[in-house]
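First up is the structure itself, then whatever we jot down about it.
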Amino acid sequence: VQLQASGGGLVQAGGSARLSCTASGIIFSGYGMGWYRQAPGKQRELVARITNGGIINYSDSVKGRFTISRDNAKNTGYLQMNSLKPEDTGVYYCNIGRPGYERWGQGTLVTVSS
């Protein structure tokens, strides 16, 4: 099982970016998927998660600005990030899981400049 995340980079405050996470080696539709981030000097935190049934939850800090989605036909999940703030800076990780099993992708760095 591999998760390949992409889409990070340097973005100005107020700008947008879209992260992608493509899974291989699994039937993607059977798994929940989440995006987490780790800011410098802080613990990894949940940003957004979507279940295999399409139920979504967001952290309070990104509600109204970020949108998580998935395309099961492409084995890919997305995180659309709008109105980015400097405090959104961090390494973003995708995660897939179901009871008793989870996998993490490599992180992708998002840097938001003020």
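Going by the structure tokens order, chains are called A, B, ..., each with residues numbered from 1, while ligands are numbered from 1 in the order shown.
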
Could you build a table of the residues in region 32-84 of chain A lying no more than 7 Å from region 91-113 of chain A, giving for each the nearest pair of atoms and their separation in Å rounded to one decimal place, using only C-alpha atoms, ordered by chain and ascending residue number, as JSON lines?
{"residue": "A:Gly32", "atom": "CA", "partner": "A:Gly97", "partner_atom": "CA", "distance": 5.3}
{"residue": "A:Met33", "atom": "CA", "partner": "A:Ile96", "partner_atom": "CA", "distance": 4.4}
{"residue": "A:Gly34", "atom": "CA", "partner": "A:Asn95", "partner_atom": "CA", "distance": 5.1}
{"residue": "A:Trp35", "atom": "CA", "partner": "A:Cys94", "partner_atom": "CA", "distance": 4.6}
{"residue": "A:Tyr36", "atom": "CA", "partner": "A:Tyr93", "partner_atom": "CA", "distance": 5.1}
{"residue": "A:Arg37", "atom": "CA", "partner": "A:Tyr92", "partner_atom": "CA", "distance": 4.2}
{"residue": "A:Gln38", "atom": "CA", "partner": "A:Val91", "partner_atom": "CA", "distance": 5.2}
{"residue": "A:Ala39", "atom": "CA", "partner": "A:Val91", "partner_atom": "CA", "distance": 6.5}
{"residue": "A:Leu84", "atom": "CA", "partner": "A:Val112", "partner_atom": "CA", "distance": 6.8}

How would the residues just picked look written out with N, CA and C atoms as a CSV table (one decimal), in the first residue's frame?
chain,number,residue,atom,x,y,z
A,32,GLY,N,-11.7,5.2,5.0
A,32,GLY,CA,-11.7,6.6,5.3
A,32,GLY,C,-10.4,7.3,5.0
A,33,MET,N,-10.5,8.6,4.7
A,33,MET,CA,-9.2,9.3,4.4
A,33,MET,C,-9.2,10.6,5.1
A,34,GLY,N,-8.0,10.9,5.6
A,34,GLY,CA,-7.9,12.2,6.3
A,34,GLY,C,-6.6,12.9,5.9
A,35,TRP,N,-6.7,14.2,6.2
A,35,TRP,CA,-5.5,15.1,6.1
A,35,TRP,C,-5.1,15.6,7.5
A,36,TYR,N,-3.9,15.5,7.8
A,36,TYR,CA,-3.3,16.0,9.0
A,36,TYR,C,-2.2,17.0,8.7
A,37,ARG,N,-1.9,17.8,9.7
A,37,ARG,CA,-0.7,18.7,9.4
A,37,ARG,C,0.1,18.8,10.7
A,38,GLN,N,1.4,19.1,10.5
A,38,GLN,CA,2.3,19.3,11.6
A,38,GLN,C,3.0,20.6,11.4
A,39,ALA,N,2.8,21.6,12.2
A,39,ALA,CA,3.5,22.8,12.2
A,39,ALA,C,4.8,22.7,12.9
A,84,LEU,N,-5.8,31.0,2.6
A,84,LEU,CA,-4.7,30.5,3.4
A,84,LEU,C,-4.1,31.5,4.3

For region 1-5 of chain A: contacts at 6 Å, only C-alpha atoms, fewer than 4 positions along chain excluded, given as a PyMOL selection string | chain A and resi 20-25+105

Write the residues of the preceding selection, restricted to all heavy atoms, as a PDB file, in the first residue's frame.
ATOM      1  N   SER A  20      -3.270  16.677  -3.217  1.00  0.00           N
ATOM      2  CA  SER A  20      -3.802  15.408  -3.697  1.00  0.00           C
ATOM      3  C   SER A  20      -3.103  14.262  -2.986  1.00  0.00           C
ATOM      4  O   SER A  20      -1.920  14.381  -2.630  1.00  0.00           O
ATOM      5  CB  SER A  20      -3.579  15.266  -5.206  1.00  0.00           C
ATOM      6  OG  SER A  20      -4.219  16.292  -5.928  1.00  0.00           O
ATOM      7  N   CYS A  21      -3.822  13.187  -2.812  1.00  0.00           N
ATOM      8  CA  CYS A  21      -3.254  11.983  -2.208  1.00  0.00           C
ATOM      9  C   CYS A  21      -3.771  10.788  -2.987  1.00  0.00           C
ATOM     10  O   CYS A  21      -4.967  10.509  -2.960  1.00  0.00           O
ATOM     11  CB  CYS A  21      -3.656  11.887  -0.744  1.00  0.00           C
ATOM     12  SG  CYS A  21      -3.062  10.398   0.088  1.00  0.00           S
ATOM     13  N   THR A  22      -2.877  10.119  -3.698  1.00  0.00           N
ATOM     14  CA  THR A  22      -3.260   8.983  -4.521  1.00  0.00           C
ATOM     15  C   THR A  22      -2.799   7.692  -3.869  1.00  0.00           C
ATOM     16  O   THR A  22      -1.632   7.564  -3.492  1.00  0.00           O
ATOM     17  CB  THR A  22      -2.664   9.103  -5.924  1.00  0.00           C
ATOM     18  OG1 THR A  22      -3.162  10.306  -6.539  1.00  0.00           O
ATOM     19  CG2 THR A  22      -3.054   7.913  -6.791  1.00  0.00           C
ATOM     20  N   ALA A  23      -3.724   6.771  -3.752  1.00  0.00           N
ATOM     21  CA  ALA A  23      -3.442   5.492  -3.108  1.00  0.00           C
ATOM     22  C   ALA A  23      -3.256   4.398  -4.145  1.00  0.00           C
ATOM     23  O   ALA A  23      -3.909   4.400  -5.186  1.00  0.00           O
ATOM     24  CB  ALA A  23      -4.589   5.129  -2.172  1.00  0.00           C
ATOM     25  N   SER A  24      -2.381   3.487  -3.847  1.00  0.00           N
ATOM     26  CA  SER A  24      -2.196   2.312  -4.689  1.00  0.00           C
ATOM     27  C   SER A  24      -2.110   1.085  -3.794  1.00  0.00           C
ATOM     28  O   SER A  24      -1.672   1.170  -2.647  1.00  0.00           O
ATOM     29  CB  SER A  24      -0.932   2.446  -5.549  1.00  0.00           C
ATOM     30  OG  SER A  24       0.213   2.591  -4.743  1.00  0.00           O
ATOM     31  N   GLY A  25      -2.567  -0.027  -4.336  1.00  0.00           N
ATOM     32  CA  GLY A  25      -2.493  -1.266  -3.589  1.00  0.00           C
ATOM     33  C   GLY A  25      -3.672  -1.536  -2.691  1.00  0.00           C
ATOM     34  O   GLY A  25      -3.651  -2.512  -1.933  1.00  0.00           O
ATOM     35  N   GLY A 105       0.813   8.634   4.315  1.00  0.00           N
ATOM     36  CA  GLY A 105       1.625   9.026   3.178  1.00  0.00           C
ATOM     37  C   GLY A 105       2.797   9.876   3.645  1.00  0.00           C
ATOM     38  O   GLY A 105       2.867  10.283   4.804  1.00  0.00           O
TER      39      GLY A 105
END

Spatial neighbours of Ser83 (chain A), 10 Å, only C-alpha atoms, chain gap at least 3 places, as a short mmCIF file (atom, residue, chain, number, x, y, z; two decimals) with N, CA, C and O atoms, in the first residue's frame:
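Ended up saving to result-v2.cif:
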data_model
loop_
_atom_site.label_atom_id
_atom_site.label_comp_id
_atom_site.auth_asym_id
_atom_site.auth_seq_id
_atom_site.Cartn_x
_atom_site.Cartn_y
_atom_site.Cartn_z
N GLN A 12 1.09 32.63 -1.01
CA GLN A 12 0.90 33.88 -0.27
C GLN A 12 -0.36 33.80 0.57
O GLN A 12 -1.33 33.11 0.21
N ALA A 13 -0.35 34.50 1.67
CA ALA A 13 -1.54 34.58 2.51
C ALA A 13 -2.72 35.06 1.68
O ALA A 13 -2.59 35.99 0.87
N GLY A 14 -3.86 34.40 1.89
CA GLY A 14 -5.05 34.72 1.12
C GLY A 14 -5.19 33.89 -0.14
O GLY A 14 -6.25 33.92 -0.78
N GLY A 15 -4.14 33.18 -0.48
CA GLY A 15 -4.15 32.37 -1.68
C GLY A 15 -4.74 30.99 -1.46
O GLY A 15 -5.28 30.69 -0.39
N SER A 16 -4.63 30.18 -2.49
CA SER A 16 -5.21 28.84 -2.46
C SER A 16 -4.19 27.80 -2.90
O SER A 16 -3.22 28.11 -3.60
N ALA A 17 -4.44 26.58 -2.50
CA ALA A 17 -3.64 25.44 -2.94
C ALA A 17 -4.51 24.20 -2.85
O ALA A 17 -5.46 24.16 -2.07
N VAL A 62 -10.08 25.34 10.25
CA VAL A 62 -10.14 25.37 8.78
C VAL A 62 -11.55 25.37 8.23
O VAL A 62 -11.74 25.49 7.02
N GLY A 64 -14.89 26.28 6.69
CA GLY A 64 -15.25 27.40 5.82
C GLY A 64 -14.15 27.81 4.86
O GLY A 64 -14.39 28.61 3.95
N ARG A 65 -12.95 27.28 5.05
CA ARG A 65 -11.84 27.63 4.16
C ARG A 65 -11.32 26.43 3.39
O ARG A 65 -10.88 26.57 2.25
N PHE A 66 -11.33 25.27 4.00
CA PHE A 66 -10.81 24.06 3.38
C PHE A 66 -11.96 23.13 3.00
O PHE A 66 -12.98 23.09 3.69
N ASP A 88 -1.44 28.30 8.71
CA ASP A 88 -1.69 27.03 8.02
C ASP A 88 -0.39 26.36 7.57
O ASP A 88 -0.42 25.24 7.05
#

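Residues within 8 Å of Tyr58 (chain A), counting only C-alpha atoms and excluding same-chain residues fewer than 3 positions away, are Leu46, Val47, Ala48, Arg49, Val62 and Lys63 of chain A.
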
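On the backbone of this structure, DSSP gives strand (DSSP E) within region 73-102 of chain A to Thr76, Gly77, Tyr78, Leu79, Gln80, Met81, Gly90, Val91, Tyr92, Tyr93, Cys94, Asn95, Ile96, Gly97, Arg98, Tyr101 and Glu102 of chain A.
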
DSSP on the backbone, then: every residue of region 69-111 of chain A marked helix (DSSP H, G or I), written as a list in words.
->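 Here are the helix (DSSP H, G or I) residues of region 69-111 of chain A: Asn72, Ala73, Lys74, Pro86, Glu87 and Asp88 of chain A.
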
Pick from A:Leu10, A:Leu19, A:Ile26, A:Ile55 nearest to Gln80 (chain A), counting only C-alpha atoms |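 With only C-alpha atoms as the atom set, the closest residue is A:Leu19.
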
Taking only C-alpha atoms into account, which of A:Leu79, A:Ser114, A:Gly90, A:Ser29 comes nearest Glu45 (chain A)?
->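 Between A:Leu79, A:Ser114, A:Gly90, A:Ser29, the residue approaching Glu45 (chain A) most closely is A:Gly90.
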
Counting only C-alpha atoms, the residue among A:Asn82, A:Asn75, A:Ser59, A:Glu87 that lies closest to Lys42 (chain A) is A:Glu87

Which residue, A:Arg18, A:Ile27, A:Gly53, A:Thr89, has the smallest gap to Thr67 (chain A) when you use only C-alpha atoms?
->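 The shortest atom-to-atom distance to Thr67 (chain A) comes from A:Arg18.
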